[in-house]
Structures are given as structure tokens and as C-alpha cells.
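Coordinates from upload-v7.cif are shown below (mmCIF, C-alpha atoms).
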```cif
data_model
loop_
_atom_site.group_PDB
_atom_site.id
_atom_site.type_symbol
_atom_site.label_atom_id
_atom_site.label_comp_id
_atom_site.auth_asym_id
_atom_site.auth_seq_id
_atom_site.Cartn_x
_atom_site.Cartn_y
_atom_site.Cartn_z
ATOM 1 C CA MET A 982 -40.047 18.472 -82.596
ATOM 2 C CA ASP A 983 -41.716 15.691 -80.646
ATOM 3 C CA LYS A 984 -38.588 15.208 -78.520
ATOM 4 C CA ALA A 985 -38.505 18.921 -77.653
ATOM 5 C CA ILE A 986 -42.137 18.797 -76.573
ATOM 6 C CA ARG A 987 -41.478 15.762 -74.365
ATOM 7 C CA GLN A 988 -38.477 17.518 -72.791
ATOM 8 C CA ASN A 989 -40.574 20.609 -72.060
ATOM 9 C CA THR A 990 -43.267 18.506 -70.399
ATOM 10 C CA LYS A 991 -40.610 16.891 -68.181
ATOM 11 C CA ILE A 992 -39.513 20.330 -67.026
ATOM 12 C CA ILE A 993 -43.138 21.266 -66.363
ATOM 13 C CA TYR A 994 -43.506 18.107 -64.268
ATOM 14 C CA LEU A 995 -40.378 19.139 -62.398
ATOM 15 C CA PHE A 996 -41.830 22.548 -61.561
ATOM 16 C CA LYS A 997 -45.157 21.008 -60.553
ATOM 17 C CA GLY A 998 -43.248 18.640 -58.288
ATOM 18 C CA LEU A 999 -41.382 21.565 -56.723
ATOM 19 C CA LEU A 1000 -44.636 23.403 -56.062
ATOM 20 C CA PHE A 1001 -46.119 20.220 -54.610
ATOM 21 C CA SER A 1002 -43.101 19.705 -52.352
ATOM 22 C CA TYR A 1003 -43.222 23.246 -50.986
ATOM 23 C CA ILE A 1004 -46.931 22.920 -50.257
ATOM 24 C CA ILE A 1005 -46.226 19.726 -48.306
ATOM 25 C CA THR A 1006 -43.351 21.424 -46.479
ATOM 26 C CA ALA A 1007 -45.566 24.377 -45.546
ATOM 27 C CA PHE A 1008 -48.249 22.036 -44.235
ATOM 28 C CA ILE A 1009 -45.799 20.025 -42.118
ATOM 29 C CA LEU A 1010 -44.162 23.182 -40.756
ATOM 30 C CA LEU A 1011 -47.592 24.612 -39.951
ATOM 31 C CA ILE A 1012 -48.378 21.522 -37.888
ATOM 32 C CA LEU A 1013 -44.963 21.716 -36.235
ATOM 33 C CA SER A 1014 -45.440 25.384 -35.339
ATOM 34 C CA PHE A 1015 -48.875 24.612 -33.860
ATOM 35 C CA LEU A 1016 -47.320 21.865 -31.743
ATOM 36 C CA MET A 1017 -44.610 24.298 -30.634
ATOM 37 C CA LEU A 1018 -47.314 26.735 -29.573
ATOM 38 C CA LYS A 1019 -49.313 24.214 -27.580
ATOM 39 C CA LEU A 1020 -46.513 22.028 -26.217
ATOM 40 C CA ASP A 1021 -43.067 22.709 -24.865
ATOM 41 C CA LEU A 1022 -41.101 20.802 -27.492
ATOM 42 C CA PRO A 1023 -37.361 20.314 -27.057
ATOM 43 C CA SER A 1024 -35.087 21.551 -29.811
ATOM 44 C CA MET A 1025 -34.255 17.969 -30.890
ATOM 45 C CA VAL A 1026 -37.929 17.339 -31.717
ATOM 46 C CA ILE A 1027 -38.158 20.604 -33.650
ATOM 47 C CA SER A 1028 -34.994 19.809 -35.604
ATOM 48 C CA GLY A 1029 -36.279 16.304 -36.308
ATOM 49 C CA GLY A 1030 -39.598 17.727 -37.506
ATOM 50 C CA ILE A 1031 -37.846 20.073 -39.906
ATOM 51 C CA ASN A 1032 -35.715 17.220 -41.257
ATOM 52 C CA PHE A 1033 -38.863 15.106 -41.581
ATOM 53 C CA ALA A 1034 -40.455 17.905 -43.632
ATOM 54 C CA TYR A 1035 -37.447 17.982 -45.959
ATOM 55 C CA ILE A 1036 -37.364 14.228 -46.402
ATOM 56 C CA ILE A 1037 -41.069 13.530 -46.876
ATOM 57 C CA SER A 1038 -41.664 16.459 -49.223
ATOM 58 C CA THR A 1039 -38.732 15.654 -51.511
ATOM 59 C CA PHE A 1040 -39.620 11.942 -51.428
ATOM 60 C CA LEU A 1041 -43.198 12.643 -52.518
ATOM 61 C CA ALA A 1042 -42.078 15.138 -55.159
ATOM 62 C CA GLY A 1043 -39.542 12.640 -56.518
ATOM 63 C CA PHE A 1044 -42.270 10.009 -56.549
ATOM 64 C CA TYR A 1045 -44.575 12.359 -58.474
ATOM 65 C CA VAL A 1046 -41.940 13.269 -61.040
ATOM 66 C CA GLY A 1047 -40.895 9.636 -61.417
ATOM 67 C CA LYS A 1048 -44.488 8.617 -62.148
ATOM 68 C CA LYS A 1049 -44.882 11.342 -64.744
ATOM 69 C CA VAL A 1050 -41.512 11.096 -66.505
ATOM 70 C CA GLU A 1051 -41.248 7.266 -66.633
ATOM 71 C CA VAL A 1052 -37.617 7.350 -67.905
ATOM 72 C CA LYS A 1053 -34.551 7.539 -65.620
ATOM 73 C CA LYS A 1054 -36.824 8.056 -62.646
ATOM 74 C CA PHE A 1055 -34.016 8.018 -60.094
ATOM 75 C CA LEU A 1056 -32.193 10.805 -61.922
ATOM 76 C CA TRP A 1057 -35.271 13.015 -62.112
ATOM 77 C CA GLY A 1058 -35.926 12.357 -58.419
ATOM 78 C CA LEU A 1059 -32.352 13.399 -57.622
ATOM 79 C CA VAL A 1060 -32.764 16.559 -59.705
ATOM 80 C CA MET A 1061 -35.982 17.272 -57.815
ATOM 81 C CA GLY A 1062 -34.265 16.948 -54.444
ATOM 82 C CA VAL A 1063 -31.308 19.104 -55.441
ATOM 83 C CA MET A 1064 -33.534 21.807 -56.929
ATOM 84 C CA TYR A 1065 -35.641 21.779 -53.752
ATOM 85 C CA PHE A 1066 -32.484 22.316 -51.704
ATOM 86 C CA ILE A 1067 -31.142 25.085 -53.958
ATOM 87 C CA ILE A 1068 -34.397 27.051 -53.887
ATOM 88 C CA LEU A 1069 -34.724 26.522 -50.134
ATOM 89 C CA MET A 1070 -31.219 27.850 -49.505
ATOM 90 C CA LEU A 1071 -31.645 30.808 -51.885
ATOM 91 C CA ILE A 1072 -34.826 31.869 -50.133
ATOM 92 C CA SER A 1073 -33.169 31.388 -46.758
ATOM 93 C CA LEU A 1074 -30.195 33.535 -47.799
ATOM 94 C CA LEU A 1075 -32.459 36.254 -49.166
ATOM 95 C CA MET A 1076 -34.507 36.333 -45.976
ATOM 96 C CA ASN A 1077 -31.626 36.158 -43.461
ATOM 97 C CA ARG A 1078 -28.773 37.668 -45.468
ATOM 98 C CA VAL A 1079 -26.413 35.327 -43.597
ATOM 99 C CA SER A 1080 -25.496 31.676 -43.980
ATOM 100 C CA PRO A 1081 -28.463 29.654 -42.666
ATOM 101 C CA LEU A 1082 -26.438 26.641 -41.516
ATOM 102 C CA PRO A 1083 -22.797 25.750 -41.081
ATOM 103 C CA LEU A 1084 -21.264 24.249 -44.207
ATOM 104 C CA GLY A 1085 -21.430 20.711 -42.804
ATOM 105 C CA GLY A 1086 -25.121 21.161 -42.038
ATOM 106 C CA LEU A 1087 -25.768 22.447 -45.558
ATOM 107 C CA PHE A 1088 -24.091 19.403 -47.043
ATOM 108 C CA THR A 1089 -26.139 17.101 -44.815
ATOM 109 C CA VAL A 1090 -29.407 18.735 -45.889
ATOM 110 C CA LEU A 1091 -28.331 18.565 -49.553
ATOM 111 C CA VAL A 1092 -27.638 14.839 -49.229
ATOM 112 C CA MET A 1093 -30.943 14.254 -47.400
ATOM 113 C CA CYS A 1094 -32.949 16.100 -50.036
ATOM 114 C CA GLY A 1095 -31.126 14.519 -52.957
ATOM 115 C CA LEU A 1096 -31.324 10.956 -51.673
ATOM 116 C CA SER A 1097 -34.947 11.153 -50.575
ATOM 117 C CA GLY A 1098 -35.943 12.612 -53.957
ATOM 118 C CA MET A 1099 -33.968 9.855 -55.668
ATOM 119 C CA LEU A 1100 -35.631 7.197 -53.522
ATOM 120 C CA GLY A 1101 -39.035 8.614 -54.389
ATOM 121 C CA GLY A 1102 -38.177 8.486 -58.069
ATOM 122 C CA MET A 1103 -36.906 4.903 -57.822
ATOM 123 C CA LEU A 1104 -39.994 3.680 -55.987
ATOM 124 C CA SER A 1105 -42.425 5.337 -58.400
#
```

Exercise: express the given structure as C-alpha cells:
Amino acid sequence: MDKAIRQNTKIIYLFKGLLFSYIITAFILLILSFLMLKLDLPSMVISGGINFAYIISTFLAGFYVGKKVEVKKFLWGLVMGVMYFIILMLISLLMNRVSPLPLGGLFTVLVMCGLSGMLGGMLS
């Protein structure tokens, strides 16, 4: 019984981390959109800002989950990054109804999210 309760709390931490990561992403994208409004940013800067939002939000969420779980932190950070990517792509597909990125780009974003979440978990 105690093991089941601990497993459920780990999943709750995972969902809290996901919520936390999407709040951070929204904040970073809000700043980026304000900068786009006020400045004439090249597309490389915009793309870099979006990648920065992915990396920093999954890193911080992996760090949060790693602090809370305290066992196999790197694995929980990886799970956090992959779940972040899956939800991000599902929402993107529902909103656009087409593939959001070429397959190579999707794989790159998956690796970025997974590794930054794992790094956050390892450093926690």
C-alpha cells in the first residue's frame, strides 16, 4: 500500500512539473513575442528563442521532479522531457491539423527536450 502511494505521488510530481514547464514556456514566449513586436528580429533569433524556451523549461521541470522524487532522478527528468514533447506536439497537431515540423526537426526537438529534462534531473 505504501509503495502504491509513493508511486502516485511521483506521478503527481510529474504532472506538477509539466504544468510548471508550460508556465515557464508561456512566459518565455510572451517575452519573445513582445520583442518581436518592438524589434525587427531575424528568424534565427526567433527560432533560437523558441529552442531556448524548450530547453530551459524542460530543464527546470526535470530539476523540480528530480528534487521531489529523489530516486532515479535522471530517468524521471527524461520522462518529463519526453512527456513535455508529446503534449506539445499533440497540441500543435490539434491546432494546425498538419505536421508542425519536418520529421528531422521533430526528432531534434524530442532529443533537446529529453536531454535537457534528464540533465535537470541529474543536477537536482

Taking all atoms listed in the file into account, which of A:Met1099, A:Met1070, A:Thr1039, A:Phe1055 comes nearest Gly1086 of chain A? A:Met1070

Would you mind telling me which residue in A:Ile1067, A:Met1025, A:Leu1000, A:Met1103 lies nearest to Ala1042 of chain A when using all atoms listed in the file?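 Residue with the minimum atom-to-atom distance to Ala1042 of chain A: A:Leu1000.
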
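Under the PyMOL selection byres ((chain A and resi 1032) around 12), the matching residues in the shown file are Thr1006, Ile1009, Leu1010, Leu1013, Met1025, Val1026, Ile1027, Ser1028, Gly1029, Gly1030, Ile1031, Phe1033, Ala1034, Tyr1035, Ile1036, Ile1037, Ser1038, Thr1039, Gly1086, Thr1089, Val1090, Leu1091, Val1092, Met1093, Cys1094 and Ser1097 of chain A.
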
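Taken over the whole file, the PyMOL selection byres ((chain A and resi 996) around 12) covers exactly Asn989, Thr990, Lys991, Ile992, Ile993, Tyr994, Leu995, Lys997, Gly998, Leu999, Leu1000, Phe1001, Ser1002, Tyr1003, Ala1042, Gly1043, Tyr1045, Val1046, Trp1057, Val1060, Met1061, Gly1062, Met1064, Tyr1065 and Ile1068 of chain A.
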
Expressed in Å to a single decimal, how great is the separation between atom CA of Asn1077 of chain A and atom CA of Ile1012 of chain A?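 Answer for the atom CA of Asn1077 of chain A to atom CA of Ile1012 of chain A separation: 22.9 Å.
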
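Distance-wise, atom CA of Gly1085 of chain A and atom CA of Leu1071 of chain A end up 17.0 Å apart.
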
Mind listing whatever residues come within 6 Å of the point (-39.7, 6.6, -58.4)? Use all atoms listed in the file, file coordinates, and give them as an mmCIF file with C-alpha atoms, in the coordinates of the input.
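Written output follows (point35.cif):
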```
data_model
loop_
_atom_site.group_PDB
_atom_site.id
_atom_site.type_symbol
_atom_site.label_atom_id
_atom_site.label_comp_id
_atom_site.auth_asym_id
_atom_site.auth_seq_id
_atom_site.Cartn_x
_atom_site.Cartn_y
_atom_site.Cartn_z
ATOM 1 C CA PHE A 1044 -42.270 10.009 -56.549
ATOM 2 C CA GLY A 1047 -40.895 9.636 -61.417
ATOM 3 C CA LYS A 1054 -36.824 8.056 -62.646
ATOM 4 C CA GLY A 1101 -39.035 8.614 -54.389
ATOM 5 C CA GLY A 1102 -38.177 8.486 -58.069
ATOM 6 C CA MET A 1103 -36.906 4.903 -57.822
ATOM 7 C CA LEU A 1104 -39.994 3.680 -55.987
ATOM 8 C CA SER A 1105 -42.425 5.337 -58.400
#
```

What is the distance between atom CA of Ile1005 of chain A and atom CA of Leu1018 of chain A, in Å to one decimal?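 Atom-to-atom, atom CA of Ile1005 of chain A and atom CA of Leu1018 of chain A are spaced 20.0 Å apart.
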
How big is the axis-aligned box, and where does its centre sit, when it encloses all atoms of segment 1066-1078 of chain A listed in the file and has 4 Å added on every side, reported in Å to one decimal as AutoDock Vina command-line options?
```
--center_x -31.8 --center_y 30.0 --center_z -48.7 --size_x 14.1 --size_y 23.4 --size_z 18.5
```
